[in-house]
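Inspection log for the structure reproduced underneath, given as structure tokens.
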Protein chains: 2
Amino acid sequence: MSKKSVRKLLRVRDGQRASEAAAGDKPLSSGDKAADKQIVEELAREISDLQDVLYAQREHKILIVLQGMDTSGKDGTVRGVFGKIDPLGVSSVAFKAPTLEEKSHDFLWRIHRHVPAQGELTIFNRSHYEDVLITRVHDWISEAECKRRYAHIRDFERMLAETGTVIMKFFLHISSREQKSRLEERIANPDKHWKFDPDDLKEREYWQTYQRLYMRAIHATDANHAPWYVIPADSKTHRNLAIASIVLETLRELKPSYPPGNPEYAKLKVS
Amino acid sequence: MSKKSVRKLLRVRDGQRASEAAAGDKPLSSGDKAADKQIVEELAREISDLQDVLYAQREHKILIVLQGMDTSGKDGTVRGVFGKIDPLGVSSVAFKAPTLEEKSHDFLWRIHRHVPAQGELTIFNRSHYEDVLITRVHDWISEAECKRRYAHIRDFERMLAETGTVIMKFFLHISSREQKSRLEERIANPDKHWKFDPDDLKEREYWQTYQRLYMRAIHATDANHAPWYVIPADSKTHRNLAIASIVLETLRELKPSYPPGNPEYAKLKVS
């Protein structure tokens, strides 16, 4: 499969739903897990190399949004896809439940502070999309407010894009069955309890509502300048393979290059 | 050489000066550069592993301060020593010339915002120490103000330490001769012009004053809870070897461990 097609292949499609079966798809897999892992390593290394140049170039701003249900692999993606970039060029921001101060502002206030500057690549581990997901699932905001927020998000992301931000949004799509097995694994392993909150089990009861609201938010905010990709994520290796492919394809298209040298500098003498 | 001794060996000593010759020392080297590089790789990997646990533990806050003359290798250290930590657990902050807003506050205001939270490892690429270095070299602040700032820094760092921050401060000590050759290399290579500013040559004229003020600031702010290490940094490999050894030694002493599991969790059922 040509690399070109990965973005097309996984970009959200009109009317697409988050089906239980589709979470297990592996359209990019070679069929050999070890080989797939090897490819992920190579892609991650190339992403790191390109980011070094983007950092020097200080022109583009790269924003990666990771969303997905509990255990869908957001942390694992940060590690597996972006773990090879050195700390000069990358930062990740985990958005938790908003603080009192954050809640006393509009929902985009805390987000805006963390968007990437020129030369930076920033990963949002959860994001402003929580403000149209968990908030709506539990009826903390009305339907009218939710739709206003879709529009606020569209406007905000368009502004970011028009001021030089390259945006990629990933929905890490796992099946309910896969989440069950991952939650059971966390419960069984005391070293993983720090990642577990009994409330996760309560949220799981709203699975269908989450799936529906996820896809509705995605359809409402998908745009060519801020595309949503639906990533089959039951397989961790395939998830990383898909995301790394899309990131790399996008970064390559920017044709990163070191800023031009200054011919005057060549004449300087160091005493 | 036992690992234990690296911190002792490179901790700033009473009355120590930044001599031209000492910048080329390699007390930790095996004499074989390739072997040294291999060791740096292993140390960096172990730092990454320990940071994974510190991140889960969310108890300690790790603050690394990198200071040194232009070209002394601050970026290279971030890459070489901390480049293997995935973005979940690490962030680096490059402090540049302060903005108008930053200048209209006390000098620690912009610094305080970026100190690490529990579980985080933060690297300061330049820091509040610039406010007693370049500012004093050019007489932008008086001698009395400079000494007041030493005291402000001591108080600030003591407060950070007493509230759970583990602080390590590194002076990347290069010789004037080595800086000359690195600046010439940057000038000669157009792909490195983005890292070069003709003003760097002007700062170089104040070399001796910088060395004197560096050591004075270091002696004034060295403390067991916020130790200064003087790192011979003419050799990049040795620099990384020394810093990685000290960081690792310090992290190991914290005996990081996953937070205890919750026995109640084992009884939970995922439906």
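Labels used: A, B, ... for chains in the order of the structure tokens, numbers from 1 for residues in each chain, and numbers from 1 for ligands as shown.
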TODO: Would you kindly return, as a count of residues only, each protein, DNA or RNA residue with an atom no farther than 9 Å from any atom of segment 64-75 of chain B, considering only C-alpha atoms and excluding same-chain residues fewer than 6 positions away?
DONE: 36
- [ ] Tell me which protein, DNA and RNA residues are within 7 Å of Gly83 of chain B, counting only C-alpha atoms, leaving out same-chain ones fewer than 5 positions away, and put them as a list in words.
- [x]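 The neighbour list is Ile85, Asp86 and Pro87 of chain A; Val78 of chain B.
For the choices A:Ala56, A:Leu50, A:Ala144, A:Leu133, the atom-to-atom distance to Thr209 of chain A is smallest for A:Leu133 when using only C-alpha atoms.
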Task: Top pick for closest residue to chain A, considering B:Gly164, B:Gly76, B:Pro116, B:Pro227 and counting only C-alpha atoms - done: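 Using only C-alpha atoms, the shortest distance to chain A belongs to B:Gly76.
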Task: Given only C-alpha atoms as the counted atoms, nearest of B:Ala23, B:Ala242, B:Ala266, B:Ile134 to chain A - done: B:Ala266
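Across segment 106-234 of chain B, DSSP run on the backbone finds strand (DSSP E or B) at Leu121, Thr122, Ile123, Phe124, Asn125, Thr165, Val166, Ile167, Met168, Lys169, Phe170, Phe171, Leu172, His173, Ala223, Ala226, Trp228, Tyr229, Val230, Ile231 and Pro232 of chain B.
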Please, which residues of segment 131-173 of chain B, numbered as in this document, come out alpha helix (DSSP H) from DSSP, as a PDB file with N, CA, C and O atoms, in the first residue's frame?
```
ATOM      1  N   ILE B 134      24.300  37.368  32.594  1.00  0.00           N
ATOM      2  CA  ILE B 134      24.357  38.377  31.520  1.00  0.00           C
ATOM      3  C   ILE B 134      23.959  39.757  32.056  1.00  0.00           C
ATOM      4  O   ILE B 134      24.562  40.770  31.691  1.00  0.00           O
ATOM      5  N   THR B 135      22.996  39.775  32.968  1.00  0.00           N
ATOM      6  CA  THR B 135      22.532  41.059  33.521  1.00  0.00           C
ATOM      7  C   THR B 135      23.632  41.777  34.305  1.00  0.00           C
ATOM      8  O   THR B 135      23.728  43.002  34.282  1.00  0.00           O
ATOM      9  N   ARG B 136      24.479  41.000  35.003  1.00  0.00           N
ATOM     10  CA  ARG B 136      25.545  41.606  35.809  1.00  0.00           C
ATOM     11  C   ARG B 136      26.779  41.897  34.937  1.00  0.00           C
ATOM     12  O   ARG B 136      27.460  42.906  35.122  1.00  0.00           O
ATOM     13  N   VAL B 137      27.038  41.020  33.958  1.00  0.00           N
ATOM     14  CA  VAL B 137      28.174  41.225  33.041  1.00  0.00           C
ATOM     15  C   VAL B 137      28.047  42.598  32.386  1.00  0.00           C
ATOM     16  O   VAL B 137      29.029  43.334  32.246  1.00  0.00           O
ATOM     17  N   GLU B 143      25.672  45.694  41.652  1.00  0.00           N
ATOM     18  CA  GLU B 143      26.289  44.653  42.474  1.00  0.00           C
ATOM     19  C   GLU B 143      25.375  44.303  43.663  1.00  0.00           C
ATOM     20  O   GLU B 143      25.202  43.126  43.991  1.00  0.00           O
ATOM     21  N   ALA B 144      24.788  45.326  44.254  1.00  0.00           N
ATOM     22  CA  ALA B 144      23.908  45.074  45.406  1.00  0.00           C
ATOM     23  C   ALA B 144      22.692  44.249  44.985  1.00  0.00           C
ATOM     24  O   ALA B 144      22.293  43.295  45.664  1.00  0.00           O
ATOM     25  N   GLU B 145      22.117  44.588  43.829  1.00  0.00           N
ATOM     26  CA  GLU B 145      20.958  43.844  43.326  1.00  0.00           C
ATOM     27  C   GLU B 145      21.358  42.398  43.015  1.00  0.00           C
ATOM     28  O   GLU B 145      20.610  41.456  43.291  1.00  0.00           O
ATOM     29  N   CYS B 146      22.520  42.228  42.448  1.00  0.00           N
ATOM     30  CA  CYS B 146      22.993  40.876  42.119  1.00  0.00           C
ATOM     31  C   CYS B 146      23.071  40.034  43.388  1.00  0.00           C
ATOM     32  O   CYS B 146      22.632  38.879  43.402  1.00  0.00           O
ATOM     33  N   LYS B 147      23.593  40.609  44.448  1.00  0.00           N
ATOM     34  CA  LYS B 147      23.724  39.834  45.699  1.00  0.00           C
ATOM     35  C   LYS B 147      22.355  39.564  46.326  1.00  0.00           C
ATOM     36  O   LYS B 147      22.130  38.492  46.889  1.00  0.00           O
ATOM     37  N   ARG B 148      21.453  40.528  46.204  1.00  0.00           N
ATOM     38  CA  ARG B 148      20.086  40.258  46.677  1.00  0.00           C
ATOM     39  C   ARG B 148      19.495  39.083  45.907  1.00  0.00           C
ATOM     40  O   ARG B 148      18.824  38.217  46.465  1.00  0.00           O
ATOM     41  N   ARG B 149      19.762  39.036  44.594  1.00  0.00           N
ATOM     42  CA  ARG B 149      19.203  37.945  43.783  1.00  0.00           C
ATOM     43  C   ARG B 149      19.787  36.583  44.165  1.00  0.00           C
ATOM     44  O   ARG B 149      19.092  35.573  44.123  1.00  0.00           O
ATOM     45  N   TYR B 150      21.074  36.548  44.504  1.00  0.00           N
ATOM     46  CA  TYR B 150      21.625  35.275  45.008  1.00  0.00           C
ATOM     47  C   TYR B 150      20.769  34.787  46.175  1.00  0.00           C
ATOM     48  O   TYR B 150      20.428  33.606  46.271  1.00  0.00           O
ATOM     49  N   ALA B 151      20.446  35.710  47.060  1.00  0.00           N
ATOM     50  CA  ALA B 151      19.647  35.330  48.235  1.00  0.00           C
ATOM     51  C   ALA B 151      18.242  34.900  47.826  1.00  0.00           C
ATOM     52  O   ALA B 151      17.697  33.918  48.336  1.00  0.00           O
ATOM     53  N   HIS B 152      17.654  35.629  46.858  1.00  0.00           N
ATOM     54  CA  HIS B 152      16.319  35.233  46.375  1.00  0.00           C
ATOM     55  C   HIS B 152      16.358  33.825  45.787  1.00  0.00           C
ATOM     56  O   HIS B 152      15.447  33.024  45.982  1.00  0.00           O
ATOM     57  N   ILE B 153      17.411  33.548  45.056  1.00  0.00           N
ATOM     58  CA  ILE B 153      17.549  32.221  44.434  1.00  0.00           C
ATOM     59  C   ILE B 153      17.709  31.147  45.513  1.00  0.00           C
ATOM     60  O   ILE B 153      17.078  30.086  45.455  1.00  0.00           O
ATOM     61  N   ARG B 154      18.541  31.440  46.501  1.00  0.00           N
ATOM     62  CA  ARG B 154      18.723  30.453  47.589  1.00  0.00           C
ATOM     63  C   ARG B 154      17.385  30.163  48.273  1.00  0.00           C
ATOM     64  O   ARG B 154      17.034  29.008  48.515  1.00  0.00           O
ATOM     65  N   ASP B 155      16.641  31.205  48.564  1.00  0.00           N
ATOM     66  CA  ASP B 155      15.352  31.024  49.246  1.00  0.00           C
ATOM     67  C   ASP B 155      14.369  30.241  48.375  1.00  0.00           C
ATOM     68  O   ASP B 155      13.674  29.337  48.841  1.00  0.00           O
ATOM     69  N   PHE B 156      14.319  30.616  47.102  1.00  0.00           N
ATOM     70  CA  PHE B 156      13.405  29.972  46.149  1.00  0.00           C
ATOM     71  C   PHE B 156      13.734  28.475  46.019  1.00  0.00           C
ATOM     72  O   PHE B 156      12.847  27.617  46.103  1.00  0.00           O
ATOM     73  N   GLU B 157      15.001  28.169  45.862  1.00  0.00           N
ATOM     74  CA  GLU B 157      15.383  26.763  45.667  1.00  0.00           C
ATOM     75  C   GLU B 157      15.190  25.961  46.952  1.00  0.00           C
ATOM     76  O   GLU B 157      14.840  24.781  46.892  1.00  0.00           O
ATOM     77  N   ARG B 158      15.404  26.589  48.099  1.00  0.00           N
ATOM     78  CA  ARG B 158      15.158  25.873  49.353  1.00  0.00           C
ATOM     79  C   ARG B 158      13.675  25.534  49.473  1.00  0.00           C
ATOM     80  O   ARG B 158      13.291  24.425  49.842  1.00  0.00           O
ATOM     81  N   MET B 159      12.837  26.509  49.113  1.00  0.00           N
ATOM     82  CA  MET B 159      11.386  26.261  49.162  1.00  0.00           C
ATOM     83  C   MET B 159      11.011  25.109  48.219  1.00  0.00           C
ATOM     84  O   MET B 159      10.259  24.203  48.591  1.00  0.00           O
ATOM     85  N   LEU B 160      11.545  25.128  47.019  1.00  0.00           N
ATOM     86  CA  LEU B 160      11.249  24.039  46.071  1.00  0.00           C
ATOM     87  C   LEU B 160      11.693  22.693  46.657  1.00  0.00           C
ATOM     88  O   LEU B 160      10.963  21.700  46.595  1.00  0.00           O
ATOM     89  N   ALA B 161      12.877  22.663  47.197  1.00  0.00           N
ATOM     90  CA  ALA B 161      13.408  21.402  47.745  1.00  0.00           C
ATOM     91  C   ALA B 161      12.548  20.923  48.912  1.00  0.00           C
ATOM     92  O   ALA B 161      12.220  19.734  49.018  1.00  0.00           O
ATOM     93  N   GLU B 162      12.172  21.852  49.781  1.00  0.00           N
ATOM     94  CA  GLU B 162      11.389  21.451  50.959  1.00  0.00           C
ATOM     95  C   GLU B 162       9.965  21.047  50.598  1.00  0.00           C
ATOM     96  O   GLU B 162       9.268  20.436  51.398  1.00  0.00           O
TER      97      GLU B 162
END
```
